[in-house]
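Note: the block below is start25.cif and it holds mmCIF, C-alpha atoms.
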data_target
#
loop_
_atom_site.label_atom_id
_atom_site.label_comp_id
_atom_site.auth_asym_id
_atom_site.auth_seq_id
_atom_site.Cartn_x
_atom_site.Cartn_y
_atom_site.Cartn_z
CA MET C 1 -68.63 109.31 32.49
CA PRO C 2 -67.12 110.56 29.20
CA VAL C 3 -67.83 114.03 27.84
CA GLY C 4 -67.46 115.16 24.23
CA PHE C 5 -67.49 118.48 22.37
CA ILE C 6 -68.41 119.17 18.74
CA LEU C 7 -67.47 122.70 17.70
CA THR C 8 -68.81 124.14 14.46
CA GLU C 9 -68.85 127.66 13.09
CA LYS C 10 -72.26 128.48 14.56
CA ARG C 11 -72.99 125.72 17.08
CA LEU C 12 -71.35 123.98 20.03
CA PHE C 13 -72.64 120.48 20.81
CA THR C 14 -71.82 118.74 24.08
CA ILE C 15 -72.15 114.99 24.59
CA ARG C 16 -72.68 113.91 28.20
CA PHE C 17 -74.58 111.16 29.94
CA GLN C 18 -75.24 112.64 33.37
CA PHE C 19 -75.56 115.93 35.24
CA TYR C 20 -72.42 118.07 35.47
CA LEU C 21 -72.31 121.18 37.62
CA ALA C 22 -69.84 122.96 35.31
CA PHE C 23 -72.20 122.74 32.34
CA GLU C 24 -75.13 124.09 34.32
CA SER C 25 -73.11 127.02 35.67
CA VAL C 26 -71.92 127.98 32.18
CA ALA C 27 -75.47 127.67 30.83
CA GLN C 28 -76.68 130.12 33.47
CA LEU C 29 -73.76 132.44 32.67
CA VAL C 30 -74.57 132.37 28.95
CA ALA C 31 -78.23 133.07 29.65
CA GLY C 32 -77.28 136.01 31.85
CA CYS C 33 -74.91 137.48 29.24
CA VAL C 34 -77.47 137.20 26.45
CA THR C 35 -80.20 138.70 28.62
CA SER C 36 -78.03 141.63 29.69
CA ALA C 37 -77.09 142.33 26.06
CA MET C 38 -80.68 142.51 24.83
CA PRO C 39 -82.19 146.03 24.64
CA PRO C 40 -85.03 146.74 27.09
CA PRO C 41 -88.54 146.60 25.70
CA HIS C 42 -90.20 149.96 24.98
CA ALA C 43 -93.38 151.21 23.48
CA ALA C 44 -93.51 152.02 19.77
CA PRO C 45 -93.30 155.77 19.10
CA GLU C 46 -96.19 157.57 17.51
CA ARG C 47 -95.91 158.06 13.75
CA PRO C 48 -95.44 161.79 12.98
CA SER C 49 -97.48 163.53 10.35
CA THR C 50 -94.39 164.38 8.32
CA PRO C 51 -91.59 161.81 7.93
CA PRO C 52 -88.31 162.82 9.64
CA PRO C 53 -85.18 163.20 7.58
CA PRO C 54 -83.19 159.97 7.16
CA THR C 55 -80.43 159.48 9.73
CA GLU C 56 -77.46 157.18 9.61
CA ILE C 57 -77.77 154.20 12.00
CA PRO C 58 -74.52 153.36 13.76
CA PRO C 59 -73.36 149.74 13.38
CA GLN C 60 -74.15 147.44 16.28
CA HIS C 61 -72.33 144.34 17.30
CA ASP C 62 -74.11 141.04 17.25
CA THR C 63 -75.19 140.01 20.72
CA GLN C 64 -74.93 136.30 19.97
CA LEU C 65 -72.05 134.53 21.70
CA HIS C 66 -69.67 132.63 19.49
CA PRO C 67 -69.43 128.85 20.11
CA SER C 68 -65.68 129.02 20.65
CA GLU C 69 -66.15 131.50 23.50
CA ILE C 70 -68.68 129.21 25.15
CA LEU C 71 -66.30 126.26 24.70
CA VAL C 72 -63.48 128.13 26.42
CA ALA C 73 -65.82 129.09 29.25
CA LEU C 74 -66.86 125.43 29.61
CA ILE C 75 -63.24 124.31 29.77
CA GLU C 76 -62.47 126.94 32.40
CA ALA C 77 -65.49 125.88 34.47
CA ILE C 78 -64.50 122.21 34.23
CA VAL C 79 -60.94 122.97 35.31
CA ASP C 80 -62.23 125.02 38.26
CA ARG C 81 -64.47 122.10 39.22
CA LEU C 82 -61.53 119.68 38.99
CA ALA C 83 -59.51 121.97 41.24
CA ASP C 84 -62.28 121.87 43.85
CA ILE C 85 -62.43 118.07 43.65
CA LEU C 86 -58.67 117.83 44.06
CA GLU C 87 -58.84 120.08 47.11
CA SER C 88 -61.46 117.78 48.63
CA MET C 89 -59.28 114.79 47.76
CA GLY C 90 -56.34 116.40 49.56
CA ASN C 91 -58.46 116.86 52.68
CA LEU C 92 -59.57 113.22 52.41
CA LEU C 93 -55.96 112.03 52.22
CA ASP C 94 -55.01 114.17 55.22
CA THR C 95 -57.85 112.65 57.25
CA LEU C 96 -56.86 109.16 56.12
CA SER C 97 -53.24 109.78 57.06
CA HIS C 98 -54.30 110.99 60.51
CA ASP C 99 -56.44 107.88 61.04
CA ILE C 100 -53.59 105.57 60.04
CA PHE C 101 -50.82 107.15 62.11
CA ARG C 102 -52.74 108.33 65.17
CA ALA C 103 -51.68 106.80 68.46
CA ARG C 104 -54.16 104.46 70.12
CA THR C 105 -54.28 104.83 73.88
CA GLN C 106 -56.16 101.55 74.48
CA GLN C 107 -55.66 98.15 72.92
CA PRO C 108 -58.83 97.27 70.96
CA PRO C 109 -60.06 93.67 70.62
CA ILE C 110 -58.75 91.57 67.76
CA ARG C 111 -62.11 91.70 65.99
CA ASN C 112 -62.16 95.50 66.07
CA VAL C 113 -58.58 95.62 64.78
CA ALA C 114 -59.55 93.51 61.76
CA VAL C 115 -62.51 95.77 61.00
CA TRP C 116 -60.31 98.85 61.34
CA GLN C 117 -57.71 97.40 58.98
CA ARG C 118 -60.35 96.45 56.39
CA ASN C 119 -61.87 99.92 56.58
CA LEU C 120 -58.48 101.56 56.05
CA LEU C 121 -57.72 99.41 53.02
CA GLN C 122 -61.09 100.25 51.47
CA ARG C 123 -60.54 103.99 51.99
CA VAL C 124 -57.04 103.83 50.53
CA GLY C 125 -58.42 101.94 47.52
CA GLU C 126 -61.15 104.53 46.98
CA ALA C 127 -58.57 107.33 47.15
CA GLY C 128 -56.39 105.57 44.59
CA ASN C 129 -59.38 105.06 42.29
CA LEU C 130 -60.23 108.76 42.55
CA CYS C 131 -56.65 109.72 41.69
CA SER C 132 -56.74 107.48 38.62
CA ARG C 133 -59.99 109.01 37.38
CA MET C 134 -58.68 112.52 37.97
CA ARG C 135 -55.51 111.70 36.03
CA ASP C 136 -57.59 110.42 33.08
CA THR C 137 -59.79 113.52 33.16
CA LEU C 138 -56.83 115.88 33.27
CA LEU C 139 -55.18 114.03 30.40
CA GLY C 140 -58.26 114.52 28.23
CA MET C 141 -58.57 118.19 29.16
CA GLU C 142 -54.86 118.76 28.44
CA ARG C 143 -55.30 117.30 24.96
CA ILE C 144 -58.26 119.58 24.27
CA ALA C 145 -56.42 122.66 25.56
CA LEU C 146 -53.30 121.75 23.58
CA PHE C 147 -55.36 121.33 20.40
CA LEU C 148 -57.12 124.67 20.84
CA GLY C 149 -54.06 126.60 22.03
CA GLU C 150 -51.70 125.54 19.25
CA SER C 151 -54.20 125.95 16.41
CA ARG C 152 -52.86 128.38 13.78
CA LYS C 153 -55.52 128.21 11.07
CA THR C 154 -55.65 131.30 8.85
CA ALA C 155 -59.02 132.85 8.19
CA SER C 156 -60.96 135.90 7.30
CA THR C 157 -62.07 138.07 10.18
CA ILE C 158 -64.98 136.66 12.15
CA PRO C 159 -66.21 139.07 14.83
CA VAL C 160 -66.61 138.19 18.46
CA THR C 161 -69.42 139.75 20.45
CA GLY C 162 -67.19 141.06 23.22
CA PHE C 163 -69.35 139.60 26.00
CA ALA C 164 -66.53 137.43 27.32
CA LEU C 165 -67.56 134.73 29.76
CA CYS C 166 -65.69 134.36 33.05
CA THR C 167 -63.72 137.60 32.35
CA PRO C 168 -64.83 141.25 32.35
CA ARG C 169 -65.19 143.08 29.07
CA THR C 170 -62.04 145.15 28.85
CA ALA C 171 -61.64 145.65 25.09
CA PRO C 172 -63.77 146.04 21.98
CA PRO C 173 -64.60 142.91 19.98
CA THR C 174 -61.58 141.17 18.41
CA PRO C 175 -61.50 138.81 15.47
CA LEU C 176 -61.36 135.06 15.97
CA ALA C 177 -58.29 134.75 13.77
CA THR C 178 -56.19 137.01 11.60
CA ALA C 179 -55.34 135.97 8.08
CA ALA C 180 -51.69 135.64 7.23
CA PRO C 181 -50.24 137.97 4.56
CA GLY C 182 -51.30 136.84 1.12
CA GLU C 183 -53.98 134.44 2.47
CA GLU C 184 -56.92 136.80 2.82
CA GLY C 185 -60.31 135.35 2.11
CA LYS C 186 -59.65 131.84 3.37
CA THR C 187 -62.23 130.20 5.60
CA THR C 188 -61.28 129.50 9.20
CA ALA C 189 -61.75 126.27 11.06
CA ALA C 190 -64.27 126.45 13.90
CA TYR C 191 -61.51 125.97 16.48
CA ALA C 192 -59.34 128.88 15.24
CA LEU C 193 -59.50 131.01 18.39
CA SER C 194 -58.92 134.71 18.75
CA GLY C 195 -55.97 136.12 20.64
CA ILE C 196 -57.96 136.65 23.85
CA LEU C 197 -59.44 133.16 23.80
CA ARG C 198 -56.09 131.60 22.97
CA ALA C 199 -54.55 133.43 25.93
CA ARG C 200 -57.27 132.03 28.17
CA ILE C 201 -56.61 128.53 26.83
CA THR C 202 -52.91 129.00 27.57
CA SER C 203 -53.81 129.95 31.14
CA VAL C 204 -55.99 126.85 31.35
CA SER C 205 -53.08 124.72 30.13
CA ARG C 206 -50.89 126.07 32.93
CA ASP C 207 -53.62 125.31 35.46
CA LEU C 208 -53.93 121.78 34.09
CA SER C 209 -50.18 121.27 34.41
CA SER C 210 -50.25 122.35 38.05
CA LEU C 211 -53.26 120.12 38.74
CA ASP C 212 -51.50 117.21 37.05
CA ALA C 213 -48.50 117.72 39.34
CA TYR C 214 -50.86 117.79 42.33
CA VAL C 215 -52.46 114.51 41.22
CA SER C 216 -49.01 112.92 40.88
CA GLN C 217 -48.20 114.02 44.41
CA SER C 218 -51.53 112.63 45.63
CA GLN C 219 -50.86 109.29 43.94
CA ASP C 220 -47.49 109.10 45.65
CA LYS C 221 -49.19 109.81 48.95
CA VAL C 222 -51.80 107.11 48.30
CA GLU C 223 -49.02 104.60 47.63
CA PHE C 224 -47.28 105.68 50.83
CA LEU C 225 -50.50 105.30 52.85
CA LEU C 226 -51.09 101.87 51.29
CA ASP C 227 -47.58 100.74 52.24
CA ALA C 228 -48.06 102.15 55.75
CA THR C 229 -51.40 100.35 56.14
CA LEU C 230 -49.92 97.05 54.97
CA GLY C 231 -46.99 97.62 57.31
CA PHE C 232 -49.30 98.07 60.30
CA ILE C 233 -51.21 94.95 59.27
CA ASN C 234 -47.93 93.00 59.22
CA ILE C 235 -47.09 94.33 62.67
CA GLU C 236 -50.47 93.18 63.97
CA GLN C 237 -49.96 89.76 62.41
CA ASN C 238 -46.48 89.50 63.91
CA GLY C 239 -47.98 90.25 67.33
CA VAL C 240 -50.52 87.46 66.88
CA MET C 241 -47.78 85.06 65.76
CA LYS C 242 -45.75 85.93 68.87
CA VAL C 243 -48.65 84.96 71.11
CA LEU C 244 -49.20 81.70 69.22
CA THR C 245 -45.48 80.93 69.40
CA VAL C 246 -45.43 81.41 73.18
CA VAL C 247 -48.52 79.26 73.66
CA SER C 248 -47.18 76.44 71.50
CA PHE C 249 -43.71 76.54 73.09
CA ILE C 250 -44.84 76.38 76.70
CA GLY C 251 -46.98 73.36 75.88
CA VAL C 252 -44.16 71.28 74.43
CA ALA C 253 -42.17 70.56 77.64
CA PRO C 254 -45.15 69.53 79.85
CA THR C 255 -46.38 67.26 77.07
CA LEU C 256 -42.93 65.69 76.80
CA ILE C 257 -42.75 65.06 80.58
CA ALA C 258 -46.25 63.60 80.67
CA GLY C 259 -45.39 61.36 77.74
CA ILE C 260 -42.21 60.06 79.38
CA TYR C 261 -43.83 59.20 82.70
CA GLY C 262 -46.85 57.77 81.00
CA MET C 263 -44.98 54.95 79.26
CA ASN C 264 -45.25 52.62 82.38
CA PHE C 265 -42.03 50.70 81.87
CA LYS C 266 -41.17 48.10 84.53
CA ASP C 267 -37.84 49.61 85.54
CA MET C 268 -38.82 53.24 86.25
CA PRO C 269 -37.48 54.48 89.61
CA GLU C 270 -40.12 57.20 89.94
CA LEU C 271 -42.99 54.68 89.85
CA SER C 272 -42.26 53.44 93.35
CA TRP C 273 -41.30 56.86 94.68
CA SER C 274 -43.88 58.42 97.02
CA PHE C 275 -43.14 61.94 95.78
CA GLY C 276 -42.99 61.00 92.10
CA TYR C 277 -46.44 62.45 91.32
CA TRP C 278 -45.66 65.82 92.89
CA TYR C 279 -42.21 65.76 91.32
CA SER C 280 -43.69 65.40 87.82
CA LEU C 281 -46.25 68.15 88.47
CA GLY C 282 -43.58 70.51 89.75
CA LEU C 283 -41.34 69.73 86.79
CA MET C 284 -44.18 70.51 84.39
CA ALA C 285 -44.96 73.76 86.21
CA ALA C 286 -41.29 74.79 86.06
CA THR C 287 -41.16 74.14 82.30
CA ILE C 288 -44.16 76.44 81.93
CA VAL C 289 -43.14 79.25 84.27
CA LEU C 290 -39.49 79.54 83.23
CA PRO C 291 -40.24 80.05 79.49
CA LEU C 292 -42.98 82.53 80.38
CA LEU C 293 -40.51 84.55 82.43
CA TRP C 294 -38.02 84.47 79.57
CA PHE C 295 -40.62 85.60 77.02
CA TRP C 296 -41.82 88.32 79.38
CA LYS C 297 -38.26 89.61 79.74
CA LYS C 298 -37.97 89.70 75.94
CA GLY C 299 -41.21 91.69 75.69
CA TRP C 300 -43.23 89.05 73.88
CA LEU C 301 -46.05 89.01 76.45
CA GLY C 302 -47.13 92.61 76.02
CA GLY C 303 -50.02 91.74 73.70
CA ILE C 304 -50.48 93.03 70.17
CA LYS C 305 -48.80 96.41 69.95
#

Could you write out this structure as structure tokens?
Amino acid sequence: MPVGFILTEKRLFTIRFQFYLAFESVAQLVAGCVTSAMPPPHAAPERPSTPPPPTEIPPQHDTQLHPSEILVALIEAIVDRLADILESMGNLLDTLSHDIFRARTQQPPIRNVAVWQRNLLQRVGEAGNLCSRMRDTLLGMERIALFLGESRKTASTIPVTGFALCTPRTAPPTPLATAAPGEEGKTTAAYALSGILRARITSVSRDLSSLDAYVSQSQDKVEFLLDATLGFINIEQNGVMKVLTVVSFIGVAPTLIAGIYGMNFKDMPELSWSFGYWYSLGLMAATIVLPLLWFWKKGWLGGIK
């Protein structure tokens, strides 16, 4: 199902039509960051009789997460989820490859062979469909990461809370974007990321490139498994055709002999011969046994291998 993002200066809207684990994990992460940043509740102090001297209150950073930071965290979570799916797909292809190329100790019945072949083709088709969907998903994520990573909009300084998702807080808050010389005061686009967030998007882009290469390798393996499955099916069909060829060939000569001696012409020497019946039966048996021996020597009577 498609997923969309709408990033504004103060809001991040996501468009989705079903449950996604990555979105739920990021939502829990955001809730945990906001909760940990809130000051603990305490009782109100008693009002003194004389007012204390005024003191300077140190500036505090806003505890609200910026939408761009949440978007980057969502993209990272989605890429991690795609990596897990690709790992599962690799295990599925390994299992499928083992099932296709494993040696069978016993010859199964023809009906079981057909069911096995149909099952293999269905599994190969499902694997190819999964690879296609993963390629489409990675293509969309690469476009989003490329758009965010190469954005160079100039802007006035917009503070970031410093509660970075998916990474520990290692530095004080940094601005979303730095205005170019002579362009101070301009308004930034909502997707103008800070240096830290842009570095994370660059890392995501590298991960997407590696995942895309893995999907290409998986698609090549799916094509190889499909060719191997069709090759085994052709071998099975060739075995069946060998059996049918043997059966049809050994029936030609006895039919020919029976047709010749069944014409009942007047001048047929074998009609008045006392051993003519046994002679015709022996001739038919010889035309059956001799071809069978020849086919057995050629290895055509070993069944479907």

(message) When you look at stretch 288-303 of chain C with a cut-off of 8 Å (counting only C-alpha atoms), what residues show up, excluding the ones that are within fewer than 5 positions of it in the same chain? I need them as a VMD selection string.
(response) chain C and resid 239 242 to 243 246 250 to 251 253 to 254

(request) Determine the nearest neighbour of C:Asp84 from the options C:Leu29, C:Phe224, C:Ala22, C:Phe5, counting only C-alpha atoms. (result)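 Distance minimum relative to C:Asp84 lands on C:Ala22.
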
(request) Please provide as a list in words all residues within 9 Å of stretch 134-137 of chain C, with the sequence filter that same-chain residues fewer than 5 positions apart are discarded (counting all atoms listed in the file). (result) Pro2, Leu82, Ile85, Leu86, Asn129, Glu142, Asp212, Val215 and Ser216 of chain C

(message) Can you measure atom CA of C:Gln237 to atom CA of C:Val115 for me? One decimal in Å is fine.
(response)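 Taking atom CA of C:Gln237 as the start and atom CA of C:Val115 as the end point, the length is 14.0 Å.
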
(request) Name the residues captured by the PyMOL selection byres ((chain C and resi 69-74) around 7) when it is applied to the shown file; answer as a count of residues only. (result) 15
